[in-house]
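The file run31.txt comes next; it holds compact mmCIF, C-alpha atoms and all ligand atoms.
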# COMPACT_ATOMS: atom_id res chain seq x y z
CA MET A 1 20.53 12.50 -7.08
CA ASN A 2 18.57 13.36 -10.16
CA TYR A 3 16.33 11.10 -12.19
CA ALA A 4 14.42 11.94 -15.35
CA THR A 5 10.87 12.63 -14.21
CA ALA A 6 9.13 13.66 -17.39
CA SER A 7 6.60 10.89 -16.92
CA SER A 8 3.57 12.86 -18.04
CA SER A 9 2.26 9.44 -18.92
CA ARG A 10 -0.62 7.83 -20.73
CA ALA A 11 -3.39 9.91 -19.19
CA GLY A 12 -1.66 13.06 -17.98
CA LEU A 13 -0.44 13.34 -14.43
CA ARG A 14 -1.60 10.34 -12.40
CA LEU A 15 -1.87 11.41 -8.78
CA HIS A 16 -4.89 9.25 -7.97
CA LEU A 17 -3.49 5.74 -7.30
CA ASN A 18 -0.42 6.40 -5.12
CA GLU A 19 1.86 5.10 -7.85
CA ASN A 20 5.50 6.13 -8.14
CA THR A 21 5.15 9.18 -10.38
CA ALA A 22 8.83 8.92 -11.43
CA GLY A 23 8.46 5.33 -12.66
CA CYS A 24 10.90 2.57 -11.75
CA SER A 25 14.65 2.81 -11.24
CA PRO A 26 16.73 2.95 -14.46
CA ALA A 27 18.41 -0.23 -13.17
CA VAL A 28 15.07 -2.04 -13.40
CA LEU A 29 14.67 -1.12 -17.07
CA ALA A 30 18.23 -2.26 -17.79
CA ALA A 31 17.48 -5.62 -16.14
CA LEU A 32 14.33 -6.05 -18.24
CA ARG A 33 16.23 -5.24 -21.43
CA ALA A 34 18.87 -7.84 -20.54
CA ILE A 35 16.34 -10.72 -20.52
CA GLU A 36 17.46 -13.50 -22.89
CA PRO A 37 15.36 -15.94 -24.97
CA GLN A 38 15.88 -18.86 -22.55
CA ASP A 39 14.80 -16.69 -19.64
CA THR A 40 11.33 -16.43 -21.10
CA ALA A 41 11.17 -20.11 -22.09
CA PHE A 42 12.02 -21.69 -18.74
CA TYR A 43 9.84 -21.72 -15.64
CA PRO A 44 11.36 -19.26 -13.19
CA ASP A 45 13.43 -20.35 -10.17
CA TYR A 46 12.51 -18.19 -7.19
CA SER A 47 15.22 -19.22 -4.73
CA ALA A 48 17.68 -16.37 -5.39
CA ILE A 49 15.04 -13.63 -5.56
CA THR A 50 13.30 -14.90 -2.43
CA ALA A 51 16.63 -14.88 -0.57
CA ALA A 52 17.24 -11.31 -1.78
CA ALA A 53 13.80 -10.28 -0.50
CA GLU A 54 14.50 -11.97 2.85
CA ARG A 55 17.67 -9.90 3.13
CA TRP A 56 15.74 -6.77 2.18
CA PHE A 57 13.21 -7.41 4.96
CA ASP A 58 15.89 -8.68 7.33
CA VAL A 59 14.16 -11.97 8.14
CA PRO A 60 15.42 -15.60 8.19
CA ALA A 61 15.11 -17.98 5.23
CA GLY A 62 11.55 -19.21 4.74
CA TRP A 63 9.86 -16.10 6.10
CA VAL A 64 9.06 -14.41 2.75
CA GLN A 65 6.54 -15.57 0.18
CA LEU A 66 6.62 -13.48 -2.98
CA THR A 67 3.23 -12.93 -4.60
CA ASN A 68 1.82 -11.55 -7.83
CA GLY A 69 1.35 -8.12 -6.31
CA LEU A 70 0.29 -7.77 -2.70
CA ASP A 71 -3.28 -8.15 -3.94
CA GLU A 72 -2.62 -11.86 -4.47
CA GLY A 73 -1.37 -12.09 -0.89
CA LEU A 74 -4.53 -10.39 0.38
CA HIS A 75 -6.57 -12.97 -1.54
CA VAL A 76 -4.78 -16.05 -0.20
CA ALA A 77 -4.99 -14.70 3.34
CA ALA A 78 -8.77 -14.50 2.96
CA GLN A 79 -8.92 -17.97 1.40
CA ALA A 80 -6.81 -19.45 4.20
CA ALA A 81 -9.06 -17.83 6.79
CA ALA A 82 -12.20 -19.16 5.10
CA ARG A 83 -10.99 -22.70 4.38
CA GLY A 84 -13.13 -25.33 6.06
CA ARG A 85 -14.97 -22.81 8.23
CA GLN A 86 -18.64 -22.15 7.74
CA GLY A 87 -19.76 -18.63 8.65
CA ALA A 88 -16.27 -17.16 9.06
CA ALA A 89 -15.80 -13.40 8.71
CA ALA A 90 -13.12 -10.83 7.92
CA LEU A 91 -12.92 -7.61 9.88
CA ILE A 92 -12.30 -4.42 7.93
CA VAL A 93 -11.52 -1.06 9.55
CA ASP A 94 -13.11 1.77 7.56
CA PRO A 95 -12.14 3.77 5.59
CA ALA A 96 -10.24 0.87 4.04
CA PHE A 97 -8.43 -0.22 0.90
CA GLU A 98 -11.21 -1.58 -1.33
CA MET A 99 -9.47 -4.88 -2.02
CA TYR A 100 -10.13 -6.21 1.48
CA ALA A 101 -13.87 -6.44 0.96
CA ALA A 102 -13.33 -7.87 -2.53
CA CYS A 103 -10.97 -10.55 -1.18
CA ALA A 104 -13.32 -11.46 1.65
CA ASP A 105 -16.18 -11.77 -0.81
CA ALA A 106 -14.12 -13.89 -3.23
CA ALA A 107 -13.15 -16.25 -0.41
CA GLY A 108 -16.71 -16.60 0.87
CA LEU A 109 -16.05 -14.69 4.09
CA SER A 110 -18.64 -12.27 5.34
CA ASP A 111 -17.16 -8.86 6.10
CA ILE A 112 -17.66 -6.91 9.28
CA HIS A 113 -16.86 -3.21 8.97
CA ILE A 114 -15.67 -1.05 11.86
CA PRO A 115 -17.00 2.47 11.23
CA PRO A 116 -14.53 5.35 11.48
CA ALA A 117 -14.28 7.62 14.49
CA SER A 118 -14.99 11.26 13.59
CA ASP A 119 -11.25 12.09 13.62
CA LEU A 120 -10.39 8.82 11.82
CA ALA A 121 -8.32 7.70 14.84
CA PHE A 122 -7.50 3.99 15.10
CA PRO A 123 -10.49 2.27 16.81
CA LEU A 124 -8.68 -0.40 18.86
CA GLU A 125 -11.50 -0.91 21.37
CA ALA A 126 -14.13 -1.24 18.65
CA ILE A 127 -11.95 -3.78 16.82
CA LEU A 128 -11.51 -5.86 19.96
CA ALA A 129 -15.24 -5.75 20.63
CA ALA A 130 -16.07 -6.83 17.07
CA ALA A 131 -13.42 -9.57 16.86
CA THR A 132 -15.60 -12.44 18.03
CA SER A 133 -14.67 -16.09 17.41
CA GLN A 134 -16.43 -15.89 14.04
CA VAL A 135 -13.79 -13.40 12.83
CA ARG A 136 -10.89 -15.36 11.32
CA LEU A 137 -9.05 -12.49 9.64
CA ILE A 138 -8.43 -8.84 10.52
CA TYR A 139 -7.10 -6.58 7.77
CA LEU A 140 -5.09 -3.64 9.11
CA THR A 141 -3.25 -0.99 7.11
CA ASP A 142 -0.25 0.87 8.48
CA PRO A 143 -0.03 3.66 7.50
CA GLY A 144 -3.69 3.73 6.49
CA ASN A 145 -5.06 4.19 2.99
CA PRO A 146 -6.72 6.62 2.33
CA THR A 147 -5.86 8.42 5.58
CA GLY A 148 -2.06 8.07 5.70
CA LEU A 149 -2.40 7.78 9.50
CA PRO A 150 -0.22 5.46 11.57
CA ILE A 151 -1.61 2.70 13.77
CA PRO A 152 -0.64 3.79 17.33
CA ALA A 153 2.35 2.07 18.90
CA GLY A 154 1.43 -1.11 20.74
CA ALA A 155 -2.01 -1.56 19.17
CA ILE A 156 -1.02 -4.30 16.72
CA GLU A 157 0.77 -6.38 19.40
CA HIS A 158 -2.19 -5.96 21.68
CA LEU A 159 -4.62 -7.17 19.04
CA ALA A 160 -2.44 -10.10 17.91
CA ALA A 161 -2.01 -11.24 21.53
CA ALA A 162 -5.69 -10.78 22.38
CA ARG A 163 -6.89 -12.83 19.37
CA PRO A 164 -4.22 -15.53 18.87
CA ASP A 165 -6.46 -17.71 16.68
CA THR A 166 -7.26 -14.94 14.23
CA ILE A 167 -5.01 -14.00 11.32
CA VAL A 168 -3.96 -10.37 11.75
CA LEU A 169 -2.73 -9.15 8.38
CA VAL A 170 -0.88 -5.84 8.56
CA ASP A 171 -0.77 -4.32 5.10
CA GLU A 172 2.40 -2.20 5.01
CA ALA A 173 2.12 -1.10 1.37
CA TYR A 174 3.56 2.30 2.34
CA ALA A 175 6.20 1.21 4.86
CA GLU A 176 9.09 2.70 2.84
CA PHE A 177 7.48 6.10 3.34
CA SER A 178 6.62 5.65 7.03
CA GLY A 179 9.92 3.98 7.93
CA ARG A 180 8.00 1.66 10.29
CA THR A 181 7.26 -2.06 10.23
CA VAL A 182 6.01 -4.74 12.60
CA ILE A 183 8.29 -7.37 11.05
CA PRO A 184 10.24 -7.61 14.37
CA LEU A 185 7.01 -8.81 16.08
CA LEU A 186 6.48 -11.77 13.75
CA ASP A 187 8.54 -14.25 15.75
CA GLN A 188 6.51 -13.64 18.88
CA HIS A 189 3.09 -13.48 17.22
CA ARG A 190 2.50 -16.46 14.95
CA ASN A 191 -0.91 -15.15 13.85
CA LEU A 192 0.61 -11.96 12.48
CA ILE A 193 1.30 -11.60 8.74
CA VAL A 194 2.90 -8.56 7.14
CA GLY A 195 1.99 -7.63 3.56
CA ARG A 196 4.36 -5.56 1.45
CA THR A 197 4.35 -4.39 -2.15
CA PHE A 198 6.99 -3.21 -4.57
CA ALA A 199 4.32 -1.33 -6.50
CA LYS A 200 4.51 1.95 -4.65
CA ALA A 201 7.96 3.13 -3.50
CA HIS A 202 9.78 0.87 -5.99
CA GLY A 203 7.56 1.78 -8.94
CA LEU A 204 6.77 -1.80 -10.05
CA ALA A 205 2.95 -1.60 -10.00
CA ALA A 206 2.57 -2.85 -13.58
CA LEU A 207 5.00 -5.74 -13.04
CA ARG A 208 2.96 -7.11 -10.12
CA VAL A 209 5.20 -8.07 -7.24
CA GLY A 210 4.44 -8.15 -3.54
CA ALA A 211 5.24 -10.26 -0.51
CA LEU A 212 3.77 -11.90 2.54
CA ILE A 213 6.17 -12.01 5.48
CA ALA A 214 5.61 -14.17 8.56
CA HIS A 215 6.89 -17.11 10.53
CA PRO A 216 6.97 -20.13 8.17
CA GLU A 217 4.23 -21.83 10.23
CA ALA A 218 1.97 -18.83 9.66
CA LEU A 219 2.77 -18.74 5.95
CA ALA A 220 2.19 -22.44 5.30
CA PRO A 221 -1.62 -22.27 4.91
CA MET A 222 -1.23 -19.45 2.39
CA ARG A 223 1.53 -21.16 0.44
CA ARG A 224 -0.80 -24.13 -0.16
CA LEU A 225 -3.18 -21.83 -1.99
CA LEU A 226 -0.69 -20.20 -4.34
CA PRO A 227 0.06 -21.50 -7.82
CA PRO A 228 3.71 -22.59 -8.25
CA TYR A 229 4.69 -19.89 -10.78
CA SER A 230 2.82 -16.86 -9.68
CA LEU A 231 5.56 -14.33 -10.54
CA ASN A 232 6.71 -14.03 -14.13
CA ILE A 233 10.35 -13.58 -15.11
CA CYS A 234 10.00 -9.83 -15.74
CA ALA A 235 8.80 -9.33 -12.17
CA VAL A 236 11.63 -11.49 -10.84
CA ARG A 237 14.36 -9.64 -12.74
CA ALA A 238 12.85 -6.26 -12.02
CA LEU A 239 12.64 -6.96 -8.31
CA ALA A 240 16.25 -8.14 -8.18
CA ALA A 241 17.39 -4.89 -9.79
CA ALA A 242 15.11 -2.77 -7.59
CA LEU A 243 16.41 -4.37 -4.39
CA ASN A 244 19.94 -3.59 -5.54
CA ASP A 245 19.14 0.09 -5.93
CA ARG A 246 18.21 1.31 -2.47
CA ASP A 247 19.39 4.80 -3.47
CA TYR A 248 16.49 5.08 -5.87
CA VAL A 249 13.91 4.31 -3.19
CA ASP A 250 15.62 6.71 -0.79
CA TRP A 251 15.54 9.42 -3.42
CA TYR A 252 11.87 8.85 -4.10
CA VAL A 253 10.93 8.80 -0.43
CA GLY A 254 12.70 12.18 -0.12
CA GLN A 255 10.72 13.58 -3.07
CA SER A 256 7.51 12.34 -1.50
CA ARG A 257 8.34 13.91 1.85
CA THR A 258 9.00 17.31 0.25
CA SER A 259 5.80 16.97 -1.76
CA ARG A 260 3.82 16.24 1.39
CA ASP A 261 5.16 19.41 2.97
CA LEU A 262 4.18 21.41 -0.12
CA LEU A 263 0.68 19.96 0.06
CA TYR A 264 0.41 20.75 3.79
CA ASP A 265 1.54 24.36 3.26
CA PHE A 266 -0.98 24.81 0.46
CA LEU A 267 -3.85 23.27 2.45
CA ARG A 268 -3.01 25.13 5.66
CA ALA A 269 -2.89 28.46 3.84
CA ARG A 270 -6.45 27.81 2.62
CA GLN A 271 -7.70 26.38 5.92
CA ILE A 272 -8.49 23.07 4.27
CA THR A 273 -8.56 20.17 6.77
CA PHE A 274 -6.04 17.41 6.07
CA TRP A 275 -4.56 14.42 7.91
CA PRO A 276 -0.77 14.43 8.41
CA SER A 277 0.32 11.44 6.33
CA GLU A 278 3.04 8.85 6.77
CA ALA A 279 2.49 7.63 3.21
CA ASN A 280 2.98 9.01 -0.30
CA PHE A 281 -0.40 10.73 -0.41
CA VAL A 282 -2.46 13.23 1.54
CA LEU A 283 -6.18 13.09 2.32
CA ALA A 284 -7.77 16.53 2.37
CA ARG A 285 -11.33 17.68 3.05
CA VAL A 286 -11.83 20.14 0.21
CA GLY A 287 -15.59 20.35 0.75
CA ASP A 288 -18.88 19.15 -0.64
CA ASP A 289 -17.77 20.04 -4.17
CA ALA A 290 -14.94 17.47 -4.01
CA GLN A 291 -16.31 15.61 -7.00
CA ASP A 292 -16.44 18.79 -9.11
CA ILE A 293 -12.90 19.71 -8.11
CA VAL A 294 -11.66 16.26 -9.10
CA ALA A 295 -13.44 16.61 -12.46
CA ALA A 296 -11.99 20.07 -13.04
CA MET A 297 -8.50 18.74 -12.29
CA ALA A 298 -9.04 15.81 -14.67
CA ALA A 299 -10.07 18.25 -17.40
CA ARG A 300 -6.59 19.73 -17.00
CA GLY A 301 -5.01 16.31 -17.25
CA ILE A 302 -4.31 15.90 -13.53
CA LEU A 303 -5.91 12.91 -11.88
CA ILE A 304 -6.59 13.02 -8.14
CA ARG A 305 -8.87 10.67 -6.24
CA ASP A 306 -12.36 11.50 -5.12
CA ARG A 307 -12.74 9.73 -1.77
CA SER A 308 -15.86 11.58 -0.68
CA ASN A 309 -17.91 8.36 -0.72
CA ALA A 310 -15.54 6.47 1.59
CA PRO A 311 -16.77 6.10 5.19
CA GLY A 312 -15.73 9.11 7.28
CA CYS A 313 -14.31 10.89 4.23
CA ARG A 314 -17.13 13.20 3.22
CA GLY A 315 -15.80 16.02 1.01
CA CYS A 316 -12.35 14.43 0.78
CA VAL A 317 -9.87 13.96 -2.03
CA ARG A 318 -6.64 11.96 -1.92
CA ILE A 319 -3.61 13.34 -3.73
CA THR A 320 -0.42 11.39 -4.41
CA ALA A 321 2.72 13.08 -3.05
CA GLY A 322 5.41 11.95 -5.47
CA VAL A 323 7.91 13.86 -7.59
CA VAL A 324 8.13 17.44 -6.33
CA ASP A 325 7.74 18.96 -9.77
CA HIS A 326 4.51 17.00 -10.31
CA THR A 327 3.17 18.22 -6.97
CA ARG A 328 3.89 21.82 -7.97
CA GLN A 329 1.96 21.31 -11.23
CA CYS A 330 -0.92 19.82 -9.27
CA LEU A 331 -1.02 22.66 -6.76
CA ALA A 332 -0.87 25.33 -9.47
CA ALA A 333 -3.92 23.78 -11.12
CA LEU A 334 -5.73 23.33 -7.81
CA GLU A 335 -5.07 26.95 -6.90
CA ASP A 336 -6.69 28.11 -10.17
CA ILE A 337 -9.66 25.82 -9.74
CA LEU A 338 -10.29 26.87 -6.14
CA ALA A 339 -9.99 30.53 -7.20
CA THR A 340 -12.61 30.13 -9.92
CA ARG A 341 -14.86 28.63 -7.22
CA GLY A 342 -14.36 31.73 -5.08
CA ARG A 343 -11.91 30.18 -2.59
C1 LIG A 401 -1.53 -0.23 -3.56
C2 LIG A 401 -1.94 -1.04 -2.40
C3 LIG A 401 -1.85 -2.43 -2.44
C4 LIG A 401 -1.65 -3.18 -3.73
O1 LIG A 401 -0.41 -3.65 -3.97
P1 LIG A 401 -0.12 -4.46 -5.31
O2 LIG A 401 1.22 -5.02 -5.05
O3 LIG A 401 -0.16 -3.50 -6.46
O4 LIG A 401 -1.15 -5.54 -5.46
C5 LIG A 401 -2.15 -3.13 -1.28
N1 LIG A 401 -2.54 -2.49 -0.16
C6 LIG A 401 -2.66 -1.16 -0.11
C7 LIG A 401 -3.10 -0.51 1.15
C8 LIG A 401 -2.37 -0.40 -1.23
O5 LIG A 401 -2.56 0.93 -1.19
Write the structure described by the file as structure tokens, please.
Amino acid sequence: MNYATASSSRAGLRLHLNENTAGCSPAVLAALRAIEPQDTAFYPDYSAITAAAERWFDVPAGWVQLTNGLDEGLHVAAQAAARGRQGAAALIVDPAFEMYAACADAAGLSDIHIPPASDLAFPLEAILAAATSQVRLIYLTDPGNPTGLPIPAGAIEHLAAARPDTIVLVDEAYAEFSGRTVIPLLDQHRNLIVGRTFAKAHGLAALRVGALIAHPEALAPMRRLLPPYSLNICAVRALAAALNDRDYVDWYVGQSRTSRDLLYDFLRARQITFWPSEANFVLARVGDDAQDIVAAMAARGILIRDRSNAPGCRGCVRITAGVVDHTRQCLAALEDILATRGR
């Protein structure tokens, strides 16, 4: 398959936010162009699109709540955890997606951070030790952002079973790339919630569409907190078209996988430490001049993410692994920049 990938967009090559660097499927654009005047005038009906999402995630009716981006789902999970509970806390495993702390703060939860192990391995024992009765919500990310690392098999079940009164939210924003999900565990663990987004693999970041997936009993407290028309009609139509075009996602996941391998080869050849990633990005320890390298890349119109201030990520940058051609452009620039720095 071949899609036009000339998306040298607004600000050059955007490899800093894990977006789909090819954009959305052409079928999504066609669906947006087909929107009629009445479509924009009437409040949207979500029944058909919710059913389509339930089929996509292979869960029964009532198990998917679509949200205005996964970010909205992360917010209502925090609000549900905080509701009516003085002194409740959210547990965040560092290095973490920044939204978790923001959501906890917005909901009035205090946040307890689990510091990273030196190899950034998943700290199950430390999480269990920190998950006291005060902790009402645990945010997990599988695969992790910014590390790209998987949560080891069995750890999520263990945690959900050990803390049945705590919401365990597993953010699977990159599940299309990892090919793994804990959705099959949801029936058994009623405190487990899976978060998904169509922003990354499906390329709908600007349309804002995500989902919470769980047993309906687990979703009920979050549904009470959502406004009735959280998704606009463009997001609804775009998602319908995206879910009908699995080939596009498969193609993009393939591009990302090849790009990851290119990044690994490049980093290995230069003895730069990196973490093998199950997501569409790679975290690499380029050194204490990470910030300067990021700036030099930006000066060439290629944005990569300085993560050197994230816990456990000293000297690290995160680079999106998307369209292969974009990765080659990135690596050519990085090679030049490292060379001028004597490396
Ligand atoms: C990108 C990302 C999200 C945000 O998803 P939206 O649907 O754009 O709100 C959530 N979690 C993680 C870990 C992400 O990287």
Counting all atoms listed in the file, what residues are within 7 Å of ligand LIG 401 (chain A), given as JSON, numbers by chain? {"A": [18, 69, 70, 71, 72, 97, 141, 144, 145, 171, 172, 173, 197, 198, 199, 200, 205, 208, 209, 210]}
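Taking atom CA of A:Arg343 and atom CA of A:Ala117 as the two end points, the separation is 28.4 Å.
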Counting all atoms listed in the file, figure out which residue out of A:Gln188, A:Thr320, A:Ser178, A:Thr327 gets nearest to A:Asp250.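 Of A:Gln188, A:Thr320, A:Ser178, A:Thr327, the one nearest A:Asp250, counting all atoms listed in the file, is A:Ser178.
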For A:Ala279, the nearest of the candidates A:Ser47, A:Gln79, A:Asn20, A:Asn232, counting all atoms listed in the file: A:Asn20
One-decimal distance in Å that lies between atom CA of A:Leu15 and atom CA of A:Tyr264: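 Interatomic distance, atom CA of A:Tyr264 to atom CA of A:Leu15: 15.8 Å.
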Can you pull out the residues contacting A:Phe57? Cut-off 9 Å, using all atoms listed in the file, and skip same-chain residues under 6 positions away; I want them as a PyMOL selection string. chain A and resi 64+183+213
Show which residues sit within 10 Å of A:Arg33, as a ChimeraX atom specification. Count all atoms listed in the file, and ignore same-chain residues fewer than 4 positions away. /A:27-29,234,237
Go ahead and save the picked residues with C-alpha atoms, as a PDB file, in the frame of the given file.
ATOM      1  CA  ALA A  27      18.410  -0.230 -13.170  1.00  0.00           C
ATOM      2  CA  VAL A  28      15.070  -2.040 -13.400  1.00  0.00           C
ATOM      3  CA  LEU A  29      14.670  -1.120 -17.070  1.00  0.00           C
ATOM      4  CA  CYS A 234      10.000  -9.830 -15.740  1.00  0.00           C
ATOM      5  CA  ARG A 237      14.360  -9.640 -12.740  1.00  0.00           C
TER       6      ARG A 237
END
Nearest-residue call for A:Leu267, choices A:Leu226, A:Thr132, A:Ala284, A:Ile92, using only C-alpha atoms: A:Ala284
Quick one: pull the distance between atom CA of A:Ala96 and atom CA of A:Pro143, Å, one decimal. 11.1 Å
Mind checking which residues fall within 7 Å of A:Ser110, counting only C-alpha atoms, ignoring those fewer than 4 positions away in the same chain, and posting them as a list in words?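 Skipping anything fewer than 4 positions along the chain leaves Ala88, Ala89, Ala90, Ala104 and Asp105 of chain A.
Distances to A:His113 were evaluated for A:Pro95, A:Gly73, A:Pro152, A:Gly62 using all atoms listed in the file, and the minimum falls at A:Pro95.
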Find the axis-aligned box for stretch 10-21 of chain A, covering all its listed atoms and adding 6 Å on each side, and write its centre and edge lengths in Å to one decimal as JSON.
{"center_x": 0.3, "center_y": 9.2, "center_z": -12.9, "size_x": 22.4, "size_y": 20.2, "size_z": 27.6}
Within 7 Å of A:Ser277, counting all atoms listed in the file, which residues show up once you throw out same-chain ones fewer than 6 positions away? Write them as JSON, numbers by chain, please. {"A": [147, 148, 149]}
A:Ala175 environment, 9 Å, all atoms listed in the file, sequence neighbours closer than 5 positions dropped, as number ranges by chain: A: 142-143, 180-181, 196, 201, 278-279
So which residues fall inside 10 Å of (-16.2, 12.1, 0.7) if we count all atoms listed in the file? Mind giving them as an MDAnalysis selection string? chainID A and resid 284:291 306:318
Go ahead and write the selection's residues with C-alpha atoms as an mmCIF file, keeping the file's coordinate frame.
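Result written to again-v9.cif:
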data_model
loop_
_atom_site.group_PDB
_atom_site.id
_atom_site.type_symbol
_atom_site.label_atom_id
_atom_site.label_comp_id
_atom_site.auth_asym_id
_atom_site.auth_seq_id
_atom_site.Cartn_x
_atom_site.Cartn_y
_atom_site.Cartn_z
ATOM 1 C CA ALA A 284 -7.770 16.530 2.370
ATOM 2 C CA ARG A 285 -11.330 17.680 3.050
ATOM 3 C CA VAL A 286 -11.830 20.140 0.210
ATOM 4 C CA GLY A 287 -15.590 20.350 0.750
ATOM 5 C CA ASP A 288 -18.880 19.150 -0.640
ATOM 6 C CA ASP A 289 -17.770 20.040 -4.170
ATOM 7 C CA ALA A 290 -14.940 17.470 -4.010
ATOM 8 C CA GLN A 291 -16.310 15.610 -7.000
ATOM 9 C CA ASP A 306 -12.360 11.500 -5.120
ATOM 10 C CA ARG A 307 -12.740 9.730 -1.770
ATOM 11 C CA SER A 308 -15.860 11.580 -0.680
ATOM 12 C CA ASN A 309 -17.910 8.360 -0.720
ATOM 13 C CA ALA A 310 -15.540 6.470 1.590
ATOM 14 C CA PRO A 311 -16.770 6.100 5.190
ATOM 15 C CA GLY A 312 -15.730 9.110 7.280
ATOM 16 C CA CYS A 313 -14.310 10.890 4.230
ATOM 17 C CA ARG A 314 -17.130 13.200 3.220
ATOM 18 C CA GLY A 315 -15.800 16.020 1.010
ATOM 19 C CA CYS A 316 -12.350 14.430 0.780
ATOM 20 C CA VAL A 317 -9.870 13.960 -2.030
ATOM 21 C CA ARG A 318 -6.640 11.960 -1.920
#
Nearest residue to A:Ala211 out of A:Ile193, A:Ala130, A:Ile112, A:Ala241, using only C-alpha atoms?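 Ranked by minimum distance to A:Ala211, first place goes to A:Ile193.
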Using all atoms listed in the file, find the one residue out of A:Cys103, A:Leu66, A:Leu109, A:Leu140 that sits nearest to A:Tyr229.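 For A:Tyr229, the nearest of the candidates is A:Leu66.
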Please list, as a count of residues only, the residues that have an atom at most 9 Å away from (13.7, -15.2, -10.0) in the coordinates of this file, counting all atoms listed in the file. 16
